[in-house]
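Data block for query.txt (compact mmCIF, C-alpha atoms):
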```
# COMPACT_ATOMS: atom_id res chain seq x y z
CA MET A 710 -143.49 20.64 48.56
CA ILE A 711 -146.33 20.18 46.10
CA GLU A 712 -145.86 23.72 44.82
CA THR A 713 -142.97 22.69 42.65
CA GLU A 714 -142.39 23.58 39.00
CA ARG A 715 -143.13 19.94 38.19
CA PHE A 716 -146.53 20.08 39.87
CA ALA A 717 -147.34 23.44 38.27
CA LYS A 718 -146.74 21.90 34.85
CA GLN A 719 -148.95 18.92 35.63
CA MET A 720 -151.75 21.23 36.75
CA GLU A 721 -151.41 23.35 33.63
CA PHE A 722 -151.81 20.21 31.49
CA ILE A 723 -154.85 19.11 33.51
CA ALA A 724 -156.56 22.47 33.06
CA GLU A 725 -155.65 22.61 29.35
CA ILE A 726 -157.12 19.22 28.47
CA ASP A 727 -160.52 20.40 29.70
CA LYS A 728 -160.77 21.82 26.16
CA LEU A 729 -161.22 18.30 24.75
CA LYS A 730 -164.81 18.60 25.97
CA HIS A 731 -165.37 21.26 23.30
CA VAL A 732 -164.16 19.19 20.32
CA VAL A 733 -167.36 18.05 18.62
CA ARG A 734 -167.37 14.81 16.64
CA GLN A 735 -169.38 13.67 13.64
CA SER A 736 -171.27 11.08 15.71
CA LYS A 737 -174.46 11.66 17.62
CA LEU A 738 -175.24 9.92 20.90
CA THR A 739 -177.28 6.69 20.73
CA ASP A 740 -180.52 8.63 21.32
CA CYS A 741 -179.60 11.11 18.55
CA SER A 742 -180.13 14.07 20.91
CA ARG A 743 -176.81 15.77 20.15
CA GLN A 744 -173.31 15.24 18.78
CA GLU A 745 -170.69 13.61 20.94
CA ASN A 746 -167.44 15.31 21.95
CA ASP A 747 -163.95 13.87 22.08
CA SER A 748 -163.77 13.52 25.87
CA GLU A 749 -167.01 11.52 25.93
CA HIS A 750 -165.78 9.33 23.07
CA SER A 751 -162.46 8.76 24.86
CA TRP A 752 -164.22 7.76 28.07
CA HIS A 753 -166.53 5.42 26.18
CA ILE A 754 -163.77 3.54 24.37
CA ALA A 755 -161.55 3.33 27.47
CA THR A 756 -164.48 1.74 29.31
CA MET A 757 -165.15 -0.56 26.34
CA ALA A 758 -161.55 -1.76 26.66
CA LEU A 759 -162.36 -3.01 30.18
CA VAL A 760 -165.02 -5.40 28.90
CA LEU A 761 -163.78 -6.30 25.40
CA SER A 762 -160.06 -7.02 25.86
CA GLU A 763 -160.70 -10.77 25.44
CA TYR A 764 -161.31 -10.10 21.73
CA SER A 765 -157.82 -8.74 21.03
CA ASN A 766 -156.04 -10.90 18.41
CA GLU A 767 -153.04 -10.85 20.71
CA LEU A 768 -154.16 -11.95 24.15
CA GLU A 769 -150.98 -10.99 25.98
CA ILE A 770 -151.51 -7.25 25.84
CA SER A 771 -151.13 -4.59 28.50
CA LEU A 772 -154.64 -3.36 29.22
CA LEU A 773 -153.16 -0.36 31.04
CA LYS A 774 -151.30 0.69 27.91
CA VAL A 775 -154.42 0.27 25.75
CA ILE A 776 -156.39 2.48 28.14
CA LYS A 777 -153.64 5.10 28.33
CA MET A 778 -153.72 5.30 24.51
CA LEU A 779 -157.49 5.62 24.42
CA LEU A 780 -157.58 8.32 27.09
CA ILE A 781 -155.02 10.54 25.34
CA HIS A 782 -155.36 9.63 21.64
CA ASP A 783 -157.56 12.59 20.72
CA LEU A 784 -155.88 15.31 22.80
CA VAL A 785 -154.14 16.59 19.67
CA GLU A 786 -157.58 17.54 18.34
CA ILE A 787 -157.74 20.37 20.90
CA ASP A 788 -155.52 22.24 18.41
CA ALA A 789 -155.97 20.24 15.20
CA GLY A 790 -159.75 19.73 15.39
CA ASP A 791 -161.69 16.57 14.64
CA THR A 792 -161.16 15.40 11.06
CA PHE A 793 -164.02 13.25 9.78
CA LEU A 794 -162.70 9.86 8.66
CA TYR A 795 -164.24 10.29 5.21
CA ASP A 796 -162.96 13.86 4.65
CA GLU A 797 -160.11 13.47 2.10
CA GLU A 798 -159.11 17.12 2.05
CA GLY A 799 -159.08 17.43 5.83
CA ASN A 800 -157.01 14.27 6.11
CA SER A 801 -154.30 15.48 3.70
CA ASP A 802 -152.57 17.73 6.26
CA ARG A 803 -153.87 16.01 9.38
CA ASP A 804 -150.50 14.48 10.25
CA LYS A 805 -148.66 17.78 10.30
CA ARG A 806 -151.35 19.55 12.31
CA GLU A 807 -151.54 16.75 14.84
CA LYS A 808 -147.78 16.51 15.33
CA GLU A 809 -147.59 20.21 16.13
CA ALA A 810 -150.49 19.81 18.53
CA ALA A 811 -148.82 16.87 20.28
CA ALA A 812 -145.63 18.89 20.75
CA ARG A 813 -147.54 21.76 22.32
CA ILE A 814 -150.02 19.84 24.49
CA PHE A 815 -147.82 17.00 25.79
CA GLY A 816 -145.05 19.61 26.02
CA LEU A 817 -146.94 21.27 28.87
CA LEU A 818 -145.99 18.32 31.10
CA PRO A 819 -142.69 17.66 32.90
CA ILE A 820 -140.24 16.26 30.35
CA ASP A 821 -140.43 12.60 31.45
CA GLN A 822 -144.24 12.58 31.26
CA ALA A 823 -144.25 14.55 27.98
CA LYS A 824 -141.95 11.89 26.54
CA GLU A 825 -144.08 9.00 27.80
CA LEU A 826 -147.39 10.34 26.51
CA THR A 827 -145.89 11.42 23.17
CA GLU A 828 -144.47 7.94 22.67
CA ILE A 829 -147.80 6.31 23.54
CA TRP A 830 -149.63 8.60 21.14
CA GLU A 831 -147.11 7.89 18.36
CA GLU A 832 -147.43 4.16 18.99
CA PHE A 833 -151.20 4.44 18.69
CA GLU A 834 -150.97 6.47 15.49
CA ALA A 835 -148.46 4.06 13.91
CA MET A 836 -150.45 0.97 14.99
CA SER A 837 -147.03 -0.50 15.66
CA THR A 838 -147.89 -2.78 18.59
CA ALA A 839 -150.64 -5.20 19.59
CA GLU A 840 -151.93 -2.64 22.09
CA ALA A 841 -152.14 0.09 19.45
CA LYS A 842 -153.91 -2.23 17.01
CA PHE A 843 -156.51 -3.26 19.57
CA ALA A 844 -156.99 0.33 20.75
CA ARG A 845 -157.57 1.38 17.14
CA ALA A 846 -160.16 -1.36 16.68
CA LEU A 847 -162.15 0.06 19.61
CA ASP A 848 -161.73 3.61 18.30
CA HIS A 849 -163.22 2.45 14.98
CA LEU A 850 -165.98 0.34 16.50
CA GLN A 851 -167.53 2.86 18.90
CA PRO A 852 -168.91 5.33 16.30
CA LEU A 853 -170.45 2.38 14.42
CA ILE A 854 -172.33 1.39 17.56
CA LEU A 855 -173.57 4.96 18.09
CA SER A 856 -174.55 5.28 14.42
CA TYR A 857 -176.44 2.01 14.39
CA HIS A 858 -178.40 3.04 17.49
CA ASN A 859 -179.24 6.51 16.18
CA LYS A 860 -180.41 5.04 12.85
CA GLY A 861 -177.44 6.18 10.78
CA TRP A 862 -177.54 9.92 11.48
CA SER A 863 -173.88 10.46 10.60
CA TRP A 864 -173.97 8.24 7.50
CA LYS A 865 -177.09 9.92 6.15
CA THR A 866 -175.94 13.46 6.99
CA HIS A 867 -172.57 13.00 5.32
CA LYS A 868 -173.83 10.70 2.54
CA VAL A 869 -171.41 7.92 3.50
CA VAL A 870 -172.11 4.50 1.94
CA LYS A 871 -171.25 1.01 3.14
CA SER A 872 -168.20 0.44 0.93
CA GLN A 873 -166.52 3.60 2.26
CA ILE A 874 -167.01 2.48 5.84
CA LEU A 875 -165.71 -1.02 5.13
CA GLU A 876 -162.61 0.39 3.47
CA SER A 877 -161.79 2.86 6.21
CA LYS A 878 -162.57 0.51 9.10
CA GLU A 879 -160.67 -2.51 7.76
CA PRO A 880 -157.59 -1.80 9.94
CA MET A 881 -159.82 -3.06 12.79
CA LYS A 882 -159.00 -6.62 11.79
CA GLU A 883 -155.34 -6.13 12.71
CA GLY A 884 -156.40 -5.56 16.31
CA SER A 885 -159.41 -7.83 16.56
CA LYS A 886 -160.66 -10.20 13.87
CA GLU A 887 -163.74 -10.84 16.00
CA LEU A 888 -164.70 -7.19 16.45
CA TRP A 889 -164.09 -6.63 12.72
CA GLU A 890 -166.48 -9.49 11.91
CA TYR A 891 -169.01 -7.94 14.27
CA ALA A 892 -168.59 -4.52 12.62
CA LYS A 893 -169.33 -6.05 9.22
CA THR A 894 -172.43 -7.78 10.62
CA LEU A 895 -173.61 -4.49 12.15
CA LEU A 896 -173.24 -2.70 8.81
CA LEU A 897 -175.23 -5.42 7.05
CA ARG A 898 -177.95 -5.02 9.64
CA ALA A 899 -177.83 -1.22 9.15
CA VAL A 900 -178.43 -1.72 5.43
CA GLU A 901 -181.33 -4.10 6.09
CA ASP A 902 -182.86 -1.59 8.52
CA GLY A 903 -182.56 1.25 6.02
CA PHE A 904 -179.94 3.24 8.01
CA LEU A 905 -177.15 2.87 5.44
CA VAL A 906 -176.87 2.80 1.63
CA ASP A 907 -175.45 -0.45 0.23
CA GLU A 908 -173.01 0.86 -2.36
CA MET B 1386 -168.40 -16.97 17.02
CA ILE B 1387 -168.67 -13.38 18.19
CA GLU B 1388 -172.50 -13.59 18.09
CA THR B 1389 -172.62 -15.33 21.44
CA GLU B 1390 -174.84 -14.51 24.39
CA ARG B 1391 -171.73 -13.26 26.19
CA PHE B 1392 -170.92 -10.79 23.44
CA ALA B 1393 -174.55 -9.65 23.19
CA LYS B 1394 -174.47 -8.80 26.90
CA GLN B 1395 -171.25 -6.86 26.53
CA MET B 1396 -172.70 -4.87 23.64
CA GLU B 1397 -175.86 -4.12 25.59
CA PHE B 1398 -173.75 -2.73 28.45
CA ILE B 1399 -171.70 -0.63 26.02
CA ALA B 1400 -174.82 0.90 24.45
CA GLU B 1401 -176.43 1.46 27.87
CA ILE B 1402 -173.51 3.38 29.35
CA ASP B 1403 -173.84 5.97 26.58
CA LYS B 1404 -176.45 7.46 28.93
CA LEU B 1405 -173.70 8.64 31.30
CA LYS B 1406 -173.19 11.48 28.80
CA HIS B 1407 -176.61 12.84 29.81
CA VAL B 1408 -175.94 13.00 33.57
CA VAL B 1409 -175.25 16.67 34.22
CA ARG B 1410 -173.02 17.66 37.11
CA GLN B 1411 -172.90 20.74 39.35
CA SER B 1412 -169.59 21.87 37.87
CA LYS B 1413 -169.10 24.03 34.82
CA LEU B 1414 -166.17 23.60 32.44
CA THR B 1415 -163.08 25.76 33.03
CA ASP B 1416 -164.35 28.39 30.56
CA CYS B 1417 -167.76 28.43 32.30
CA SER B 1418 -169.55 27.83 28.98
CA ARG B 1419 -171.71 24.95 30.21
CA GLN B 1420 -172.06 22.29 32.91
CA GLU B 1421 -169.96 19.16 32.72
CA ASN B 1422 -171.45 15.67 32.43
CA ASP B 1423 -170.39 12.49 34.21
CA SER B 1424 -168.65 10.89 31.21
CA GLU B 1425 -166.50 14.00 30.71
CA HIS B 1426 -165.68 14.10 34.43
CA SER B 1427 -164.78 10.38 34.39
CA TRP B 1428 -162.48 10.86 31.40
CA HIS B 1429 -160.84 13.87 33.03
CA ILE B 1430 -160.01 12.14 36.31
CA ALA B 1431 -158.85 8.93 34.61
CA THR B 1432 -156.43 11.03 32.56
CA MET B 1433 -155.38 12.94 35.69
CA ALA B 1434 -154.46 9.59 37.25
CA LEU B 1435 -151.91 9.07 34.44
CA VAL B 1436 -149.97 12.18 35.43
CA LEU B 1437 -150.57 12.44 39.20
CA SER B 1438 -150.05 8.88 40.49
CA GLU B 1439 -146.70 9.88 42.02
CA TYR B 1440 -148.67 11.80 44.67
CA SER B 1441 -150.49 8.77 46.06
CA ASN B 1442 -149.66 8.28 49.76
CA GLU B 1443 -149.10 4.64 48.95
CA LEU B 1444 -146.68 4.44 46.03
CA GLU B 1445 -147.16 0.74 45.33
CA ILE B 1446 -150.62 1.04 43.83
CA SER B 1447 -152.07 -0.53 40.70
CA LEU B 1448 -152.63 2.36 38.32
CA LEU B 1449 -154.83 0.08 36.19
CA LYS B 1450 -157.16 -0.50 39.12
CA VAL B 1451 -157.31 3.23 39.93
CA ILE B 1452 -158.27 3.98 36.32
CA LYS B 1453 -160.87 1.20 36.21
CA MET B 1454 -162.49 2.72 39.30
CA LEU B 1455 -162.48 6.20 37.84
CA LEU B 1456 -163.95 5.07 34.52
CA ILE B 1457 -166.88 3.26 36.11
CA HIS B 1458 -167.40 5.03 39.46
CA ASP B 1459 -170.28 7.21 38.25
CA LEU B 1460 -172.16 4.66 36.10
CA VAL B 1461 -174.68 4.20 38.91
CA GLU B 1462 -175.73 7.81 38.34
CA ILE B 1463 -177.38 6.77 35.06
CA ASP B 1464 -180.22 5.58 37.27
CA ALA B 1465 -179.56 7.36 40.56
CA GLY B 1466 -178.68 10.79 39.16
CA ASP B 1467 -175.88 13.10 40.27
CA THR B 1468 -176.18 14.02 43.94
CA PHE B 1469 -174.43 17.29 44.74
CA LEU B 1470 -171.84 16.75 47.45
CA TYR B 1471 -173.41 19.44 49.64
CA ASP B 1472 -177.04 18.24 49.23
CA GLU B 1473 -177.87 16.65 52.60
CA GLU B 1474 -181.37 15.49 51.63
CA GLY B 1475 -180.21 13.98 48.34
CA ASN B 1476 -177.38 12.20 50.10
CA SER B 1477 -179.65 10.55 52.71
CA ASP B 1478 -180.93 7.82 50.35
CA ARG B 1479 -178.04 7.94 47.88
CA ASP B 1480 -176.61 4.60 49.01
CA LYS B 1481 -179.80 2.67 48.40
CA ARG B 1482 -180.44 4.26 45.01
CA GLU B 1483 -176.89 3.64 43.89
CA LYS B 1484 -176.81 0.01 45.00
CA GLU B 1485 -179.94 -0.73 42.98
CA ALA B 1486 -178.41 1.05 40.01
CA ALA B 1487 -175.20 -0.96 40.31
CA ALA B 1488 -177.15 -4.20 40.34
CA ARG B 1489 -179.03 -3.26 37.19
CA ILE B 1490 -176.22 -1.67 35.17
CA PHE B 1491 -173.31 -4.00 35.99
CA GLY B 1492 -175.86 -6.83 35.82
CA LEU B 1493 -176.15 -6.28 32.08
CA LEU B 1494 -172.67 -7.80 31.71
CA PRO B 1495 -171.68 -11.49 31.70
CA ILE B 1496 -171.56 -12.69 35.29
CA ASP B 1497 -167.75 -12.67 35.69
CA GLN B 1498 -167.48 -9.10 34.44
CA ALA B 1499 -170.53 -7.97 36.42
CA LYS B 1500 -168.83 -9.34 39.54
CA GLU B 1501 -165.50 -7.68 38.77
CA LEU B 1502 -166.94 -4.22 38.11
CA THR B 1503 -169.32 -4.40 41.06
CA GLU B 1504 -166.43 -5.26 43.37
CA ILE B 1505 -164.31 -2.45 41.97
CA TRP B 1506 -167.17 0.01 42.44
CA GLU B 1507 -167.78 -1.20 46.01
CA GLU B 1508 -164.08 -0.89 46.78
CA PHE B 1509 -164.14 2.68 45.50
CA GLU B 1510 -167.22 3.54 47.52
CA ALA B 1511 -165.82 2.01 50.70
CA MET B 1512 -162.38 3.62 50.21
CA SER B 1513 -161.08 0.35 51.52
CA THR B 1514 -157.79 0.17 49.59
CA ALA B 1515 -154.94 2.48 48.64
CA GLU B 1516 -156.24 2.53 45.06
CA ALA B 1517 -159.73 3.54 46.16
CA LYS B 1518 -158.37 6.27 48.43
CA PHE B 1519 -156.22 7.74 45.70
CA ALA B 1520 -159.04 7.51 43.13
CA ARG B 1521 -161.32 9.34 45.56
CA ALA B 1522 -158.73 12.09 46.01
CA LEU B 1523 -158.76 12.71 42.25
CA ASP B 1524 -162.56 12.58 42.15
CA HIS B 1525 -162.62 15.29 44.83
CA LEU B 1526 -159.85 17.41 43.32
CA GLN B 1527 -161.13 17.75 39.75
CA PRO B 1528 -164.25 19.84 40.46
CA LEU B 1529 -162.13 22.17 42.60
CA ILE B 1530 -159.84 22.77 39.62
CA LEU B 1531 -162.82 23.48 37.34
CA SER B 1532 -164.42 25.75 39.94
CA TYR B 1533 -161.25 27.73 40.50
CA HIS B 1534 -160.84 28.29 36.75
CA ASN B 1535 -164.47 29.32 36.22
CA LYS B 1536 -164.24 31.79 39.12
CA GLY B 1537 -166.35 29.74 41.53
CA TRP B 1538 -169.54 29.32 39.48
CA SER B 1539 -170.70 26.27 41.40
CA TRP B 1540 -169.82 27.67 44.84
CA LYS B 1541 -171.59 30.96 44.14
CA THR B 1542 -174.64 29.33 42.51
CA HIS B 1543 -175.17 26.90 45.38
CA LYS B 1544 -173.96 29.27 48.12
CA VAL B 1545 -171.27 26.88 49.29
CA VAL B 1546 -168.64 28.35 51.64
CA LYS B 1547 -165.05 27.35 52.30
CA SER B 1548 -165.64 25.41 55.54
CA GLN B 1549 -168.20 23.13 53.83
CA ILE B 1550 -165.76 22.29 51.08
CA LEU B 1551 -162.93 21.62 53.52
CA GLU B 1552 -165.12 19.29 55.54
CA SER B 1553 -166.42 17.29 52.59
CA LYS B 1554 -163.11 17.09 50.77
CA GLU B 1555 -161.01 16.07 53.77
CA PRO B 1556 -161.10 12.34 52.81
CA MET B 1557 -158.67 13.39 50.07
CA LYS B 1558 -155.85 13.26 52.58
CA GLU B 1559 -156.26 9.51 52.99
CA GLY B 1560 -155.34 9.06 49.34
CA SER B 1561 -152.89 11.89 48.88
CA LYS B 1562 -151.61 14.24 51.56
CA GLU B 1563 -149.94 16.29 48.87
CA LEU B 1564 -153.05 16.77 46.73
CA TRP B 1565 -155.03 17.60 49.87
CA GLU B 1566 -152.48 20.29 50.76
CA TYR B 1567 -152.80 21.62 47.23
CA ALA B 1568 -156.61 21.63 47.46
CA LYS B 1569 -156.41 23.74 50.62
CA THR B 1570 -154.03 26.16 48.93
CA LEU B 1571 -156.36 26.41 45.93
CA LEU B 1572 -159.31 27.24 48.21
CA LEU B 1573 -157.27 29.94 49.98
CA ARG B 1574 -156.45 31.41 46.61
CA ALA B 1575 -160.14 31.23 45.62
CA VAL B 1576 -161.03 33.26 48.72
CA GLU B 1577 -158.31 35.82 47.96
CA ASP B 1578 -159.56 36.13 44.37
CA GLY B 1579 -163.17 36.61 45.49
CA PHE B 1580 -164.50 33.32 44.08
CA LEU B 1581 -165.36 31.76 47.43
CA VAL B 1582 -166.76 32.96 50.76
CA ASP B 1583 -164.43 32.42 53.72
CA GLU B 1584 -166.85 31.07 56.31
```

Here is a file; write its structure as C-alpha cells.
Amino acid sequence: MIETERFAKQMEFIAEIDKLKHVVRQSKLTDCSRQENDSEHSWHIATMALVLSEYSNELEISLLKVIKMLLIHDLVEIDAGDTFLYDEEGNSDRDKREKEAAARIFGLLPIDQAKELTEIWEEFEAMSTAEAKFARALDHLQPLILSYHNKGWSWKTHKVVKSQILESKEPMKEGSKELWEYAKTLLLRAVEDGFLVDE
Amino acid sequence: MIETERFAKQMEFIAEIDKLKHVVRQSKLTDCSRQENDSEHSWHIATMALVLSEYSNELEISLLKVIKMLLIHDLVEIDAGDTFLYDEEGNSDRDKREKEAAARIFGLLPIDQAKELTEIWEEFEAMSTAEAKFARALDHLQPLILSYHNKGWSWKTHKVVKSQILESKEPMKEGSKELWEYAKTLLLRAVEDGFLVDE
C-alpha cells in the first residue's frame, strides 16, 4: 500500500532536499571554524522559533506555520544558490531564479502538498502575514548572532558596514519590535568590540 | 525591555546549540561526499514530518509536537556525542550521559522553557505517546534513506548486516506500520543491489 505513486513522489522530494546541505552561506559558525550551510541555518532558526515566539509583535500566531516556513524557506536555493543579502547584482534576478526553483522542487511532491508548501513559501517571501513577518525576523537575526560570536568574519570579509546591515535588516521590526531593538544593540556592541565598521 | 535576564538566557541557549553542527554522525549524505551532522539530520527529519505525517499509525497527532521533538531530540549529543545505533559499548552508558547533557543544555533556558523542552525530550526518549512514536519512526527512517542512496557506505564501513538493522529499527512499527514496511522493502532492495549483507 505504501508503494503508491504518492509515496514515491514524497520519497523523491525527501532525497532531493538532502542537497540543501551543500548550499554554503556567507556566515561562519560561532567558533569561526567553517561556513554554515542552508540546512543548518534552517534548523537553527526553526529551533529559535520554539524559544522566541513570545517576542512576535502579533502574539496570536501559529507557531507550526512559522516553523514550516523556516524549515522550507531556503529549499529554492538548491537550484538558485545562496544570494548574499548585500549582493545587489545577485539580488536583481533572484526572484525569477527562485520561482523556477520552487516550481521544480515543490513540484516533486503530490499536488496537494506541492500546493501547500508553495503557498507557505510565497507567504514567507511576501511577508504578508504575522507568521511570515516573525519568521523573517528570525531569519535576519540568526546570522547576526553568528557574526557577533565569530567576531564579524562575514562583515569583515565582505566589507559590510553597520548602515548597510541596519538598512537590510529593518524589515525585522515588522515581525518583532523587540528582536529588532536587540539586533540594533548587538550591532552597537559589535562596533564597540571592533568587529564592525561604524559607517 | 528585551535586555532581561530571561532574554539573556534564551540567547545563551541559542548560541550554545550552534555546537550541534559539529556533532558528526555515522551517515554520509546521499551523494556520499561527507558525513552528516546532527543539525542537518534534525532539519531533514523535521521537514520529513511535514510531508509524511499521514503515515502515522495514530492520525490525531500534534504535528507541532512531533516537529519540536525532532528539532531538539539530538541536542544532548552536544555533550554526550553521537552514539552509533549498533555500538553496544557506547550505548551502555548513553542514558546517563544524555540525562546530564539534557540538564545542562535545557537548563540554560528560563525555567518554564527548560521544563517544556526537557519533558518533550523525555517523551521522545520514552516513546510514550503517539507523537514520540511517530517522531522515532522518522528518526530511524532517515539514515536508511541516506544509506540506500550512498550505496550503503555506513553499513559497509561498520560491517552492519541486515538482521542487525531490522532488529534495531523495529520500534518504527509502533509509530508507523507503513513506514516500517517501506524500510523493510528498502533493505531488501539494498541487499539485491549489493549495498548490504543479507545475514

Q: Please return, as an NGL selection string, all residues of chain A lying within 7 Å of chain B when only C-alpha atoms are considered.
A: :A and (711 or 719 or 723 or 727 or 730 or 739 or 748-749 or 751-752 or 756-757 or 760 or 773 or 780 or 887 or 891)

For the selection just defined, write its residues with C-alpha atoms to a file, as a compact mmCIF listing (two decimals), in the coordinates of the input.
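Printed below is part16.txt as written:
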```txt
# COMPACT_ATOMS: atom_id res chain seq x y z
CA ILE A 711 -146.33 20.18 46.10
CA GLN A 719 -148.95 18.92 35.63
CA ILE A 723 -154.85 19.11 33.51
CA ASP A 727 -160.52 20.40 29.70
CA LYS A 730 -164.81 18.60 25.97
CA THR A 739 -177.28 6.69 20.73
CA SER A 748 -163.77 13.52 25.87
CA GLU A 749 -167.01 11.52 25.93
CA SER A 751 -162.46 8.76 24.86
CA TRP A 752 -164.22 7.76 28.07
CA THR A 756 -164.48 1.74 29.31
CA MET A 757 -165.15 -0.56 26.34
CA VAL A 760 -165.02 -5.40 28.90
CA LEU A 773 -153.16 -0.36 31.04
CA LEU A 780 -157.58 8.32 27.09
CA GLU A 887 -163.74 -10.84 16.00
CA TYR A 891 -169.01 -7.94 14.27
```

Q: For Phe904 (chain A), list every protein, DNA or RNA residue within 12 Å, evaluated using all atoms listed in the file, and leave out those in the same chain fewer than 3 positions away; present the list as a PyMOL selection string.
A: chain A and resi 853+856-866+868-871+895-901+907

Q: Could you tell me how far CA of Glu721 (chain A) lies from CA of Gln1549 (chain B), in Å and to one decimal?
A: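 Separating CA of Glu721 (chain A) from CA of Gln1549 (chain B) is a distance of 26.3 Å.
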
Q: Go through A:Ile770, A:Ile787, A:Ala810, A:Met778 one by one, measure the shortest atom-to-atom distance of each to Ala844 (chain A) using only C-alpha atoms, and give the residue with the smallest value.
A: A:Met778

Q.
Rounded to one decimal, what separation in Å do you get between CA of Phe1469 (chain B) and CA of Glu1443 (chain B)?
A.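 About the pair CA of Phe1469 (chain B) and CA of Glu1443 (chain B): they are 28.6 Å apart.
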
**Q.** A:Glu834, A:His782, A:His867, A:Val906 ranked by distance to Asp804 (chain A), top pick (using all atoms listed in the file)
**A.**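 The answer is A:Glu834, which sits nearest to Asp804 (chain A).
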
Q) Using all atoms listed in the file, which of the listed residues (A:Glu831, A:Glu879, A:Glu797, A:Glu763) sits closest to Val785 (chain A)? A)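 For Val785 (chain A), the nearest of the candidates is A:Glu831.
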
Q: Identify, on the basis of all atoms listed in the file, every residue whose closest approach to Lys878 (chain A) does not exceed 10 Å; exclude the query and any residue fewer than 3 positions from it along the same chain; express the result as number ranges by chain.
A: A: 794, 845-846, 848-850, 853, 872-875, 881-882, 889, 892-893

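Our summary of the geometry notes that CA of Arg1391 (chain B) is positioned 29.1 Å from CA of Glu1516 (chain B).
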
Q: Could you tell me which of B:Val1408, B:Leu1444, B:Ser1561, B:Cys1417 comes closest to Ala1465 (chain B) if we count all atoms listed in the file?
A: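 Residue with the minimum atom-to-atom distance to Ala1465 (chain B): B:Val1408.
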
Q) With all atoms listed in the file as the atoms that count, which of B:Leu1460, B:Ile1496, B:Ala1434, B:Ala1488 lies nearest to Ala1517 (chain B)? A) B:Ala1434

**Q.** Shortest interatomic distance to Lys1481 (chain B) - which of B:Asp1464, B:Ser1513, B:Lys1394, B:Glu1504, counting all atoms listed in the file
**A.**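 Ranked by minimum distance to Lys1481 (chain B), first place goes to B:Asp1464.
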